[in-house]
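Undergrad: entry-v4.pdb is reproduced below (PDB, C-alpha atoms and all ligand atoms).
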ATOM      1  CA  MET P  22      -6.768 -30.600  19.720  1.00  0.00           C
ATOM      2  CA  ALA P  23      -6.925 -27.309  17.863  1.00  0.00           C
ATOM      3  CA  LEU P  24      -6.845 -27.273  14.072  1.00  0.00           C
ATOM      4  CA  LEU P  25      -4.361 -25.264  11.981  1.00  0.00           C
ATOM      5  CA  GLY P  26      -5.351 -22.830   9.258  1.00  0.00           C
ATOM      6  CA  VAL P  27      -2.326 -21.789   7.205  1.00  0.00           C
ATOM      7  CA  ASN P  28      -2.377 -18.256   5.840  1.00  0.00           C
ATOM      8  CA  ILE P  29      -0.512 -18.185   2.509  1.00  0.00           C
ATOM      9  CA  ASP P  30      -0.797 -14.442   1.757  1.00  0.00           C
ATOM     10  CA  HIS P  31       2.958 -13.961   2.094  1.00  0.00           C
ATOM     11  CA  VAL P  32       3.565 -16.339  -0.800  1.00  0.00           C
ATOM     12  CA  ALA P  33       1.520 -14.004  -2.976  1.00  0.00           C
ATOM     13  CA  THR P  34       3.342 -10.999  -1.480  1.00  0.00           C
ATOM     14  CA  LEU P  35       6.627 -12.438  -2.739  1.00  0.00           C
ATOM     15  CA  ARG P  36       5.160 -13.134  -6.170  1.00  0.00           C
ATOM     16  CA  GLN P  37       3.670  -9.631  -6.454  1.00  0.00           C
ATOM     17  CA  ALA P  38       7.046  -8.072  -5.558  1.00  0.00           C
ATOM     18  CA  ARG P  39       8.110  -9.115  -9.084  1.00  0.00           C
ATOM     19  CA  ARG P  40       4.669  -9.351 -10.678  1.00  0.00           C
ATOM     20  CA  ALA P  41       5.929 -12.826 -11.610  1.00  0.00           C
ATOM     21  CA  ALA P  42       4.302 -16.255 -11.787  1.00  0.00           C
ATOM     22  CA  GLU P  43       6.165 -17.688  -8.814  1.00  0.00           C
ATOM     23  CA  PRO P  44       5.894 -18.529  -6.026  1.00  0.00           C
ATOM     24  CA  ASP P  45       2.402 -19.797  -6.707  1.00  0.00           C
ATOM     25  CA  PRO P  46      -0.061 -19.757  -3.777  1.00  0.00           C
ATOM     26  CA  VAL P  47      -1.775 -22.815  -5.267  1.00  0.00           C
ATOM     27  CA  GLN P  48       1.436 -24.834  -4.955  1.00  0.00           C
ATOM     28  CA  ALA P  49       1.882 -23.441  -1.455  1.00  0.00           C
ATOM     29  CA  ALA P  50      -1.610 -24.638  -0.552  1.00  0.00           C
ATOM     30  CA  VAL P  51      -0.808 -28.160  -1.773  1.00  0.00           C
ATOM     31  CA  LEU P  52       2.393 -28.220   0.306  1.00  0.00           C
ATOM     32  CA  ALA P  53       0.541 -26.863   3.337  1.00  0.00           C
ATOM     33  CA  GLU P  54      -1.940 -29.695   2.948  1.00  0.00           C
ATOM     34  CA  LEU P  55       0.897 -32.232   2.770  1.00  0.00           C
ATOM     35  CA  GLY P  56       2.283 -30.709   5.955  1.00  0.00           C
ATOM     36  CA  GLY P  57      -0.988 -31.321   7.762  1.00  0.00           C
ATOM     37  CA  ALA P  58      -2.831 -27.998   7.446  1.00  0.00           C
ATOM     38  CA  ASP P  59      -6.531 -28.262   8.191  1.00  0.00           C
ATOM     39  CA  ALA P  60      -7.539 -25.161   6.258  1.00  0.00           C
ATOM     40  CA  ILE P  61      -6.068 -22.615   3.860  1.00  0.00           C
ATOM     41  CA  THR P  62      -6.563 -18.956   4.683  1.00  0.00           C
ATOM     42  CA  ILE P  63      -6.176 -16.073   2.231  1.00  0.00           C
ATOM     43  CA  HIS P  64      -6.980 -12.394   2.512  1.00  0.00           C
ATOM     44  CA  LEU P  65      -8.281 -10.681  -0.620  1.00  0.00           C
ATOM     45  CA  ARG P  66      -7.496  -7.081   0.236  1.00  0.00           C
ATOM     46  CA  GLU P  67      -9.234  -4.169  -1.422  1.00  0.00           C
ATOM     47  CA  ASP P  68      -5.842  -2.898  -2.630  1.00  0.00           C
ATOM     48  CA  ARG P  69      -4.908  -6.407  -3.933  1.00  0.00           C
ATOM     49  CA  ARG P  70      -1.451  -6.101  -2.470  1.00  0.00           C
ATOM     50  CA  HIS P  71      -0.929  -9.866  -2.379  1.00  0.00           C
ATOM     51  CA  ILE P  72      -3.758 -12.306  -3.158  1.00  0.00           C
ATOM     52  CA  GLN P  73      -5.417 -11.574  -6.527  1.00  0.00           C
ATOM     53  CA  ASP P  74      -8.980 -12.339  -7.656  1.00  0.00           C
ATOM     54  CA  ARG P  75      -7.693 -15.176  -9.845  1.00  0.00           C
ATOM     55  CA  ASP P  76      -5.961 -16.779  -6.846  1.00  0.00           C
ATOM     56  CA  VAL P  77      -9.280 -16.963  -5.028  1.00  0.00           C
ATOM     57  CA  ARG P  78     -10.933 -18.632  -8.017  1.00  0.00           C
ATOM     58  CA  VAL P  79      -8.114 -21.089  -8.691  1.00  0.00           C
ATOM     59  CA  LEU P  80      -7.680 -21.957  -5.010  1.00  0.00           C
ATOM     60  CA  ARG P  81     -11.416 -22.540  -4.714  1.00  0.00           C
ATOM     61  CA  GLU P  82     -11.207 -25.006  -7.609  1.00  0.00           C
ATOM     62  CA  THR P  83      -8.067 -26.788  -6.475  1.00  0.00           C
ATOM     63  CA  VAL P  84      -7.812 -26.765  -2.691  1.00  0.00           C
ATOM     64  CA  ARG P  85      -9.376 -29.797  -1.078  1.00  0.00           C
ATOM     65  CA  LEU P  86      -9.082 -28.339   2.413  1.00  0.00           C
ATOM     66  CA  ARG P  87     -11.506 -25.819   3.813  1.00  0.00           C
ATOM     67  CA  LEU P  88     -10.899 -22.406   2.240  1.00  0.00           C
ATOM     68  CA  ASN P  89     -11.182 -19.455   4.614  1.00  0.00           C
ATOM     69  CA  LEU P  90     -11.364 -16.062   2.906  1.00  0.00           C
ATOM     70  CA  GLU P  91     -10.463 -13.070   5.060  1.00  0.00           C
ATOM     71  CA  MET P  92     -12.106  -9.913   3.797  1.00  0.00           C
ATOM     72  CA  ALA P  93     -13.149  -6.418   4.727  1.00  0.00           C
ATOM     73  CA  VAL P  94     -16.793  -5.489   5.106  1.00  0.00           C
ATOM     74  CA  SER P  95     -16.973  -4.354   1.493  1.00  0.00           C
ATOM     75  CA  ASP P  96     -19.616  -4.717  -1.213  1.00  0.00           C
ATOM     76  CA  GLU P  97     -17.043  -5.476  -3.879  1.00  0.00           C
ATOM     77  CA  ILE P  98     -15.331  -8.266  -1.959  1.00  0.00           C
ATOM     78  CA  THR P  99     -18.682  -9.626  -0.762  1.00  0.00           C
ATOM     79  CA  ARG P 100     -19.689 -10.020  -4.418  1.00  0.00           C
ATOM     80  CA  ILE P 101     -16.484 -11.936  -5.129  1.00  0.00           C
ATOM     81  CA  ALA P 102     -17.056 -14.137  -2.085  1.00  0.00           C
ATOM     82  CA  LEU P 103     -20.575 -14.917  -3.252  1.00  0.00           C
ATOM     83  CA  GLN P 104     -19.274 -15.806  -6.726  1.00  0.00           C
ATOM     84  CA  THR P 105     -16.414 -18.012  -5.517  1.00  0.00           C
ATOM     85  CA  MET P 106     -18.088 -19.474  -2.420  1.00  0.00           C
ATOM     86  CA  PRO P 107     -15.253 -20.153   0.040  1.00  0.00           C
ATOM     87  CA  ASP P 108     -16.240 -22.495   2.870  1.00  0.00           C
ATOM     88  CA  GLN P 109     -15.690 -19.746   5.396  1.00  0.00           C
ATOM     89  CA  VAL P 110     -15.318 -15.994   5.448  1.00  0.00           C
ATOM     90  CA  THR P 111     -13.577 -14.090   8.232  1.00  0.00           C
ATOM     91  CA  LEU P 112     -14.524 -10.429   8.361  1.00  0.00           C
ATOM     92  CA  VAL P 113     -11.499  -8.312   9.274  1.00  0.00           C
ATOM     93  CA  PRO P 114     -10.779  -4.575   9.538  1.00  0.00           C
ATOM     94  CA  GLU P 115      -8.975  -3.016   6.616  1.00  0.00           C
ATOM     95  CA  ARG P 116      -9.663   0.672   6.844  1.00  0.00           C
ATOM     96  CA  ARG P 117      -8.250   2.652   9.705  1.00  0.00           C
ATOM     97  CA  GLU P 118     -11.638   3.653  11.028  1.00  0.00           C
ATOM     98  CA  GLU P 119     -12.632   0.010  11.424  1.00  0.00           C
ATOM     99  CA  VAL P 120      -9.653  -0.700  13.645  1.00  0.00           C
ATOM    100  CA  THR P 121      -9.907  -0.525  17.397  1.00  0.00           C
ATOM    101  CA  THR P 122      -6.726   0.232  19.310  1.00  0.00           C
ATOM    102  CA  GLU P 123      -5.916  -3.465  19.544  1.00  0.00           C
ATOM    103  CA  GLY P 124      -6.745  -4.141  15.919  1.00  0.00           C
ATOM    104  CA  GLY P 125      -9.849  -6.340  15.765  1.00  0.00           C
ATOM    105  CA  LEU P 126     -12.954  -5.441  13.775  1.00  0.00           C
ATOM    106  CA  ASP P 127     -15.124  -3.268  16.023  1.00  0.00           C
ATOM    107  CA  VAL P 128     -18.429  -5.076  15.553  1.00  0.00           C
ATOM    108  CA  ILE P 129     -20.197  -2.813  18.055  1.00  0.00           C
ATOM    109  CA  THR P 130     -19.486   0.445  16.211  1.00  0.00           C
ATOM    110  CA  HIS P 131     -19.988  -1.136  12.784  1.00  0.00           C
ATOM    111  CA  ALA P 132     -22.823  -3.472  13.767  1.00  0.00           C
ATOM    112  CA  GLN P 133     -25.159  -2.517  10.941  1.00  0.00           C
ATOM    113  CA  ARG P 134     -22.646  -2.937   8.130  1.00  0.00           C
ATOM    114  CA  VAL P 135     -21.259  -6.124   9.621  1.00  0.00           C
ATOM    115  CA  GLN P 136     -24.783  -7.513   9.985  1.00  0.00           C
ATOM    116  CA  GLN P 137     -25.681  -6.769   6.341  1.00  0.00           C
ATOM    117  CA  CYS P 138     -22.500  -8.336   5.031  1.00  0.00           C
ATOM    118  CA  ALA P 139     -22.637 -11.359   7.366  1.00  0.00           C
ATOM    119  CA  ASP P 140     -26.304 -12.001   6.524  1.00  0.00           C
ATOM    120  CA  GLN P 141     -25.598 -12.074   2.778  1.00  0.00           C
ATOM    121  CA  LEU P 142     -22.701 -14.467   3.207  1.00  0.00           C
ATOM    122  CA  SER P 143     -24.324 -16.806   5.695  1.00  0.00           C
ATOM    123  CA  GLY P 144     -27.554 -16.704   3.667  1.00  0.00           C
ATOM    124  CA  ALA P 145     -25.530 -18.155   0.784  1.00  0.00           C
ATOM    125  CA  GLY P 146     -24.278 -20.968   3.025  1.00  0.00           C
ATOM    126  CA  ILE P 147     -20.831 -19.567   3.879  1.00  0.00           C
ATOM    127  CA  LEU P 148     -19.727 -19.900   7.507  1.00  0.00           C
ATOM    128  CA  VAL P 149     -19.087 -16.404   8.872  1.00  0.00           C
ATOM    129  CA  SER P 150     -16.401 -15.671  11.442  1.00  0.00           C
ATOM    130  CA  LEU P 151     -15.656 -12.243  12.936  1.00  0.00           C
ATOM    131  CA  PHE P 152     -12.075 -11.235  13.765  1.00  0.00           C
ATOM    132  CA  ILE P 153     -12.445  -9.301  17.008  1.00  0.00           C
ATOM    133  CA  ASP P 154     -10.483  -8.283  20.049  1.00  0.00           C
ATOM    134  CA  PRO P 155     -10.649 -10.587  23.072  1.00  0.00           C
ATOM    135  CA  ASP P 156     -13.361  -8.508  24.687  1.00  0.00           C
ATOM    136  CA  VAL P 157     -16.557  -9.976  26.110  1.00  0.00           C
ATOM    137  CA  GLU P 158     -18.657  -7.075  24.785  1.00  0.00           C
ATOM    138  CA  GLN P 159     -17.373  -7.657  21.254  1.00  0.00           C
ATOM    139  CA  VAL P 160     -18.131 -11.365  21.596  1.00  0.00           C
ATOM    140  CA  ARG P 161     -21.637 -10.563  22.875  1.00  0.00           C
ATOM    141  CA  LYS P 162     -22.240  -8.408  19.799  1.00  0.00           C
ATOM    142  CA  ALA P 163     -20.832 -11.093  17.487  1.00  0.00           C
ATOM    143  CA  CYS P 164     -23.367 -13.444  19.015  1.00  0.00           C
ATOM    144  CA  GLU P 165     -26.217 -10.959  18.495  1.00  0.00           C
ATOM    145  CA  LEU P 166     -25.125 -10.580  14.879  1.00  0.00           C
ATOM    146  CA  LYS P 167     -25.518 -14.371  14.556  1.00  0.00           C
ATOM    147  CA  ALA P 168     -21.941 -15.071  13.542  1.00  0.00           C
ATOM    148  CA  ALA P 169     -21.089 -18.763  13.543  1.00  0.00           C
ATOM    149  CA  ALA P 170     -17.558 -18.151  14.774  1.00  0.00           C
ATOM    150  CA  VAL P 171     -15.237 -15.542  16.202  1.00  0.00           C
ATOM    151  CA  GLU P 172     -11.510 -15.313  15.685  1.00  0.00           C
ATOM    152  CA  LEU P 173      -9.948 -13.692  18.722  1.00  0.00           C
ATOM    153  CA  HIS P 174      -7.060 -11.364  17.913  1.00  0.00           C
ATOM    154  CA  THR P 175      -3.925 -12.708  19.587  1.00  0.00           C
ATOM    155  CA  GLY P 176      -1.721  -9.750  18.567  1.00  0.00           C
ATOM    156  CA  ALA P 177      -1.571  -8.136  22.008  1.00  0.00           C
ATOM    157  CA  TYR P 178      -0.652 -11.512  23.534  1.00  0.00           C
ATOM    158  CA  ALA P 179       2.039 -12.007  20.898  1.00  0.00           C
ATOM    159  CA  GLU P 180       3.470  -8.547  21.484  1.00  0.00           C
ATOM    160  CA  ALA P 181       3.464  -8.730  25.296  1.00  0.00           C
ATOM    161  CA  ARG P 182       6.987  -8.065  26.520  1.00  0.00           C
ATOM    162  CA  THR P 183       6.819  -9.307  30.102  1.00  0.00           C
ATOM    163  CA  ARG P 184       5.484 -12.506  31.617  1.00  0.00           C
ATOM    164  CA  GLN P 185       2.895 -10.501  33.538  1.00  0.00           C
ATOM    165  CA  GLN P 186       1.646  -8.807  30.384  1.00  0.00           C
ATOM    166  CA  ARG P 187       1.505 -12.122  28.569  1.00  0.00           C
ATOM    167  CA  GLU P 188      -0.445 -13.736  31.409  1.00  0.00           C
ATOM    168  CA  ALA P 189      -2.863 -10.779  31.456  1.00  0.00           C
ATOM    169  CA  GLU P 190      -3.433 -11.092  27.695  1.00  0.00           C
ATOM    170  CA  LEU P 191      -3.884 -14.843  28.034  1.00  0.00           C
ATOM    171  CA  ASP P 192      -6.515 -14.206  30.715  1.00  0.00           C
ATOM    172  CA  ARG P 193      -8.387 -11.846  28.375  1.00  0.00           C
ATOM    173  CA  LEU P 194      -8.307 -14.482  25.628  1.00  0.00           C
ATOM    174  CA  ARG P 195      -9.429 -17.141  28.094  1.00  0.00           C
ATOM    175  CA  GLU P 196     -12.341 -15.058  29.371  1.00  0.00           C
ATOM    176  CA  ALA P 197     -13.547 -13.933  25.931  1.00  0.00           C
ATOM    177  CA  GLY P 198     -12.999 -17.429  24.529  1.00  0.00           C
ATOM    178  CA  HIS P 199     -14.879 -19.065  27.364  1.00  0.00           C
ATOM    179  CA  TYR P 200     -17.799 -16.688  26.853  1.00  0.00           C
ATOM    180  CA  ALA P 201     -17.810 -17.294  23.085  1.00  0.00           C
ATOM    181  CA  VAL P 202     -17.933 -21.057  23.557  1.00  0.00           C
ATOM    182  CA  SER P 203     -20.648 -20.737  26.223  1.00  0.00           C
ATOM    183  CA  GLN P 204     -22.746 -18.868  23.660  1.00  0.00           C
ATOM    184  CA  GLY P 205     -22.281 -21.602  21.075  1.00  0.00           C
ATOM    185  CA  LEU P 206     -19.752 -19.764  18.915  1.00  0.00           C
ATOM    186  CA  ILE P 207     -16.866 -21.571  17.256  1.00  0.00           C
ATOM    187  CA  LEU P 208     -13.641 -20.253  18.785  1.00  0.00           C
ATOM    188  CA  ASN P 209     -10.766 -19.469  16.429  1.00  0.00           C
ATOM    189  CA  LEU P 210      -7.663 -17.457  17.283  1.00  0.00           C
ATOM    190  CA  GLY P 211      -4.861 -15.844  15.360  1.00  0.00           C
ATOM    191  CA  HIS P 212      -2.408 -13.087  14.531  1.00  0.00           C
ATOM    192  CA  GLY P 213       1.228 -12.917  15.546  1.00  0.00           C
ATOM    193  CA  LEU P 214       1.411 -16.555  16.641  1.00  0.00           C
ATOM    194  CA  THR P 215       4.867 -18.092  16.375  1.00  0.00           C
ATOM    195  CA  TYR P 216       6.693 -21.347  17.125  1.00  0.00           C
ATOM    196  CA  ASP P 217       7.620 -19.813  20.493  1.00  0.00           C
ATOM    197  CA  ASN P 218       4.274 -18.467  21.673  1.00  0.00           C
ATOM    198  CA  VAL P 219       1.652 -20.773  20.137  1.00  0.00           C
ATOM    199  CA  SER P 220       1.445 -23.519  22.785  1.00  0.00           C
ATOM    200  CA  PRO P 221      -0.576 -21.695  25.503  1.00  0.00           C
ATOM    201  CA  ILE P 222      -3.019 -20.539  22.810  1.00  0.00           C
ATOM    202  CA  ALA P 223      -3.388 -24.039  21.376  1.00  0.00           C
ATOM    203  CA  ARG P 224      -4.213 -25.279  24.878  1.00  0.00           C
ATOM    204  CA  LEU P 225      -7.053 -22.794  25.444  1.00  0.00           C
ATOM    205  CA  HIS P 226     -10.261 -24.628  26.247  1.00  0.00           C
ATOM    206  CA  LYS P 227     -12.254 -25.451  23.094  1.00  0.00           C
ATOM    207  CA  ALA P 228      -9.922 -23.555  20.765  1.00  0.00           C
ATOM    208  CA  HIS P 229     -11.166 -24.793  17.403  1.00  0.00           C
ATOM    209  CA  GLU P 230      -8.648 -23.414  14.913  1.00  0.00           C
ATOM    210  CA  LEU P 231      -5.543 -21.235  14.929  1.00  0.00           C
ATOM    211  CA  ASN P 232      -4.752 -19.152  11.854  1.00  0.00           C
ATOM    212  CA  ILE P 233      -1.045 -18.664  11.345  1.00  0.00           C
ATOM    213  CA  GLY P 234       0.805 -17.098   8.417  1.00  0.00           C
ATOM    214  CA  HIS P 235       3.886 -14.973   8.943  1.00  0.00           C
ATOM    215  CA  SER P 236       5.770 -17.308  11.219  1.00  0.00           C
ATOM    216  CA  ILE P 237       5.192 -20.387   9.057  1.00  0.00           C
ATOM    217  CA  ILE P 238       6.166 -18.691   5.800  1.00  0.00           C
ATOM    218  CA  SER P 239       9.217 -17.098   7.466  1.00  0.00           C
ATOM    219  CA  ARG P 240      10.365 -20.488   8.697  1.00  0.00           C
ATOM    220  CA  ALA P 241       9.686 -22.057   5.309  1.00  0.00           C
ATOM    221  CA  VAL P 242      12.027 -19.524   3.661  1.00  0.00           C
ATOM    222  CA  LEU P 243      14.820 -20.360   6.076  1.00  0.00           C
ATOM    223  CA  VAL P 244      14.451 -24.138   6.269  1.00  0.00           C
ATOM    224  CA  GLY P 245      14.123 -24.298   2.471  1.00  0.00           C
ATOM    225  CA  LEU P 246      16.997 -21.987   1.545  1.00  0.00           C
ATOM    226  CA  GLU P 247      19.849 -24.453   1.864  1.00  0.00           C
ATOM    227  CA  ARG P 248      18.193 -26.944  -0.465  1.00  0.00           C
ATOM    228  CA  ALA P 249      17.231 -24.229  -2.932  1.00  0.00           C
ATOM    229  CA  VAL P 250      20.847 -22.989  -3.114  1.00  0.00           C
ATOM    230  CA  ARG P 251      22.193 -26.544  -3.437  1.00  0.00           C
ATOM    231  CA  GLU P 252      19.918 -27.222  -6.389  1.00  0.00           C
ATOM    232  CA  MET P 253      20.876 -23.994  -8.143  1.00  0.00           C
ATOM    233  CA  LYS P 254      24.563 -24.632  -7.454  1.00  0.00           C
ATOM    234  CA  GLN P 255      24.281 -28.024  -9.147  1.00  0.00           C
ATOM    235  CA  LEU P 256      22.640 -26.475 -12.197  1.00  0.00           C
ATOM    236  CA  VAL P 257      25.286 -23.771 -12.358  1.00  0.00           C
ATOM    237  CA  ALA P 258      27.945 -26.491 -12.114  1.00  0.00           C
ATOM    238  CA  GLY P 259      26.364 -28.308 -15.034  1.00  0.00           C
ATOM    239  CA  THR P 260      24.811 -31.226 -13.170  1.00  0.00           C
ATOM    240  CA  SER P 261      21.133 -31.783 -12.587  1.00  0.00           C
ATOM    241  CA  PRO P 262      19.729 -31.955  -9.083  1.00  0.00           C
ATOM    242  CA  TYR P 263      16.552 -33.574 -10.398  1.00  0.00           C
TER     243      TYR P 263
HETATM  244  N1  LIG K 301      -5.940 -14.061  11.416  1.00  0.00           N
HETATM  245  C1  LIG K 301      -6.312 -12.937  10.758  1.00  0.00           C
HETATM  246  C2  LIG K 301      -7.730 -12.504  10.829  1.00  0.00           C
HETATM  247  C3  LIG K 301      -5.379 -12.208  10.005  1.00  0.00           C
HETATM  248  O1  LIG K 301      -5.775 -11.096   9.359  1.00  0.00           O
HETATM  249  C4  LIG K 301      -4.050 -12.672   9.934  1.00  0.00           C
HETATM  250  C5  LIG K 301      -3.048 -11.930   9.122  1.00  0.00           C
HETATM  251  O2  LIG K 301      -3.420 -11.930   7.793  1.00  0.00           O
HETATM  252  C6  LIG K 301      -3.724 -13.854  10.611  1.00  0.00           C
HETATM  253  C7  LIG K 301      -4.688 -14.514  11.367  1.00  0.00           C
HETATM  254  C8  LIG K 301      -2.355 -14.421  10.561  1.00  0.00           C
HETATM  255  O3  LIG K 301      -1.468 -13.598  11.253  1.00  0.00           O
HETATM  256  P1  LIG K 301       0.088 -13.878  11.178  1.00  0.00           P
HETATM  257  O4  LIG K 301       0.494 -13.681   9.752  1.00  0.00           O
HETATM  258  O5  LIG K 301       0.674 -12.877  12.110  1.00  0.00           O
HETATM  259  O6  LIG K 301       0.292 -15.299  11.613  1.00  0.00           O
END
Let me see the structure of the file written as structure tokens.

TA:
Amino acid sequence: MALLGVNIDHVATLRQARRAAEPDPVQAAVLAELGGADAITIHLREDRRHIQDRDVRVLRETVRLRLNLEMAVSDEITRIALQTMPDQVTLVPERREEVTTEGGLDVITHAQRVQQCADQLSGAGILVSLFIDPDVEQVRKACELKAAAVELHTGAYAEARTRQQREAELDRLREAGHYAVSQGLILNLGHGLTYDNVSPIARLHKAHELNIGHSIISRAVLVGLERAVREMKQLVAGTSPY
């Protein structure tokens, strides 16, 4: 059975829209744990558009689940990772030039930089995963770079519009995933997974962990809205919901 890593970046996105204190990603992490999450994933972006440095520190101190930090191949963020010591780091593309057409980190073109960054992090005892396209050559390079894990980009699968396209993308994921596992890599997958499209991915042979954010947070907003309005309505009416 595959594990579930819950990406809580969107909670911070909402908070940053007001530069307010809520919603708090730490509270979101606790609720995700109660819901059965196996890991908490956050992305500290160079532009700090959602998760802030303090979030990384506080989550590191409070989250009991595995903490997976997504980050660009950047000296600044590597320093922060080495200071805060998440359990796992997933190297992702952030700058345009690091993005292949499908959107994974191109570890062939950027092998040297990826190697330097990955070596520092794994040397400190952090498990390093590389977010790459479902391409055997990218997986081969990830293996050469001595990554412990790969996260195969499921975006093209998620965006496939016809059954044929979806099957073709699933085949690519299957082939790259099979090769990764045969080389001893941990196989993670993610991006664009939803309640509708997750099942075939979860059933992929030896899929270790799926990282899902947008769909879970979107659903949380909708399934939680009725209760949130009811509670406010009671307060406005002068009674306490609590
Ligand atoms: N995996 C990686 C490497 C990501 O960068 C993201 C998005 O932050 C996800 C998984 C989650 O994608 P989504 O929000 O579409 O579920």

Undergrad: Once the PyMOL selection byres (((chain P and resi 197) around 6) and not hetatm) has been evaluated on this model, what residues remain selected, and can you format them as a list of chain:residue names?

TA: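 So the PyMOL selection byres (((chain P and resi 197) around 6) and not hetatm), applied here, picks out P:Pro155, P:Asp156, P:Val157, P:Leu194, P:Arg195, P:Glu196, P:Gly198, P:His199, P:Tyr200.
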
Undergrad: Specify the axis-aligned box that encloses all atoms of segment 79-94 of chain P listed in the file after padding of 3 Å on each side, stating its centre and edge lengths in Å to one decimal as AutoDock Vina command-line options.

TA:
--center_x -12.2 --center_y -17.6 --center_z -1.8 --size_x 15.1 --size_y 30.3 --size_z 19.8

Undergrad: Excluding Arg193 of chain P and any residue of its chain fewer than 6 positions from it, enumerate the residues within 12 Å of it, using all atoms listed in the file, and give them as a list of chain:residue names.

TA: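 Final neighbour list, sorted by chain and number: P:Asp154, P:Pro155, P:Asp156, P:Val157, P:Glu158, P:Val160, P:Leu173, P:His174, P:Thr175, P:Ala177, P:Tyr178, P:Gln186, P:Arg187, P:His199, P:Tyr200, P:Ile222, P:Leu225.
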
Undergrad: Using all atoms listed in the file, pick whichever of P:Gly56, P:Pro46, P:Gly205, P:Gly259 has the shortest atom-to-atom distance to Thr83 of chain P.

TA: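 For Thr83 of chain P, the nearest of the given residues is P:Pro46.
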
Undergrad: So that I can see what lies close to Ile153 of chain P, please list as a VMD selection string the residues with an atom at most 12 Å from it, counting all atoms listed in the file and leaving out residues fewer than 3 positions away in the same chain.

TA: chain P and resid 111 to 114 119 to 129 131 135 150 156 to 164 168 170 to 176 194 197 to 198 201 208 to 212

Undergrad: Could you write out the selected residues, including C-alpha atoms, as a PDB file, keeping the file's coordinate frame?

TA:
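The result, written out as selection22.pdb:
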ATOM      1  CA  THR P 111     -13.577 -14.090   8.232  1.00  0.00           C
ATOM      2  CA  LEU P 112     -14.524 -10.429   8.361  1.00  0.00           C
ATOM      3  CA  VAL P 113     -11.499  -8.312   9.274  1.00  0.00           C
ATOM      4  CA  PRO P 114     -10.779  -4.575   9.538  1.00  0.00           C
ATOM      5  CA  GLU P 119     -12.632   0.010  11.424  1.00  0.00           C
ATOM      6  CA  VAL P 120      -9.653  -0.700  13.645  1.00  0.00           C
ATOM      7  CA  THR P 121      -9.907  -0.525  17.397  1.00  0.00           C
ATOM      8  CA  THR P 122      -6.726   0.232  19.310  1.00  0.00           C
ATOM      9  CA  GLU P 123      -5.916  -3.465  19.544  1.00  0.00           C
ATOM     10  CA  GLY P 124      -6.745  -4.141  15.919  1.00  0.00           C
ATOM     11  CA  GLY P 125      -9.849  -6.340  15.765  1.00  0.00           C
ATOM     12  CA  LEU P 126     -12.954  -5.441  13.775  1.00  0.00           C
ATOM     13  CA  ASP P 127     -15.124  -3.268  16.023  1.00  0.00           C
ATOM     14  CA  VAL P 128     -18.429  -5.076  15.553  1.00  0.00           C
ATOM     15  CA  ILE P 129     -20.197  -2.813  18.055  1.00  0.00           C
ATOM     16  CA  HIS P 131     -19.988  -1.136  12.784  1.00  0.00           C
ATOM     17  CA  VAL P 135     -21.259  -6.124   9.621  1.00  0.00           C
ATOM     18  CA  SER P 150     -16.401 -15.671  11.442  1.00  0.00           C
ATOM     19  CA  ASP P 156     -13.361  -8.508  24.687  1.00  0.00           C
ATOM     20  CA  VAL P 157     -16.557  -9.976  26.110  1.00  0.00           C
ATOM     21  CA  GLU P 158     -18.657  -7.075  24.785  1.00  0.00           C
ATOM     22  CA  GLN P 159     -17.373  -7.657  21.254  1.00  0.00           C
ATOM     23  CA  VAL P 160     -18.131 -11.365  21.596  1.00  0.00           C
ATOM     24  CA  ARG P 161     -21.637 -10.563  22.875  1.00  0.00           C
ATOM     25  CA  LYS P 162     -22.240  -8.408  19.799  1.00  0.00           C
ATOM     26  CA  ALA P 163     -20.832 -11.093  17.487  1.00  0.00           C
ATOM     27  CA  CYS P 164     -23.367 -13.444  19.015  1.00  0.00           C
ATOM     28  CA  ALA P 168     -21.941 -15.071  13.542  1.00  0.00           C
ATOM     29  CA  ALA P 170     -17.558 -18.151  14.774  1.00  0.00           C
ATOM     30  CA  VAL P 171     -15.237 -15.542  16.202  1.00  0.00           C
ATOM     31  CA  GLU P 172     -11.510 -15.313  15.685  1.00  0.00           C
ATOM     32  CA  LEU P 173      -9.948 -13.692  18.722  1.00  0.00           C
ATOM     33  CA  HIS P 174      -7.060 -11.364  17.913  1.00  0.00           C
ATOM     34  CA  THR P 175      -3.925 -12.708  19.587  1.00  0.00           C
ATOM     35  CA  GLY P 176      -1.721  -9.750  18.567  1.00  0.00           C
ATOM     36  CA  LEU P 194      -8.307 -14.482  25.628  1.00  0.00           C
ATOM     37  CA  ALA P 197     -13.547 -13.933  25.931  1.00  0.00           C
ATOM     38  CA  GLY P 198     -12.999 -17.429  24.529  1.00  0.00           C
ATOM     39  CA  ALA P 201     -17.810 -17.294  23.085  1.00  0.00           C
ATOM     40  CA  LEU P 208     -13.641 -20.253  18.785  1.00  0.00           C
ATOM     41  CA  ASN P 209     -10.766 -19.469  16.429  1.00  0.00           C
ATOM     42  CA  LEU P 210      -7.663 -17.457  17.283  1.00  0.00           C
ATOM     43  CA  GLY P 211      -4.861 -15.844  15.360  1.00  0.00           C
ATOM     44  CA  HIS P 212      -2.408 -13.087  14.531  1.00  0.00           C
TER      45      HIS P 212
END

Undergrad: Produce a table with one row for each residue of chain P that has an atom at most 6 Å from any atom of ligand LIG 301 (chain K), each row naming the nearest atom pair and its distance in Å at one decimal; use only C-alpha atoms and all ligand atoms; arrange rows by chain and rising residue number; format as a tab-separated table.

TA:
residue	atom	partner	partner_atom	distance
P:Val113	CA	K:LIG301	C2	5.8
P:Phe152	CA	K:LIG301	C2	5.4
P:Gly211	CA	K:LIG301	C7	4.2
P:His212	CA	K:LIG301	O3	3.4
P:Gly213	CA	K:LIG301	O5	3.5
P:Leu214	CA	K:LIG301	O6	5.3
P:Asn232	CA	K:LIG301	C7	4.7
P:Ile233	CA	K:LIG301	O6	3.6
P:Gly234	CA	K:LIG301	O4	3.7
P:His235	CA	K:LIG301	O4	3.7
P:Ser236	CA	K:LIG301	O6	5.8
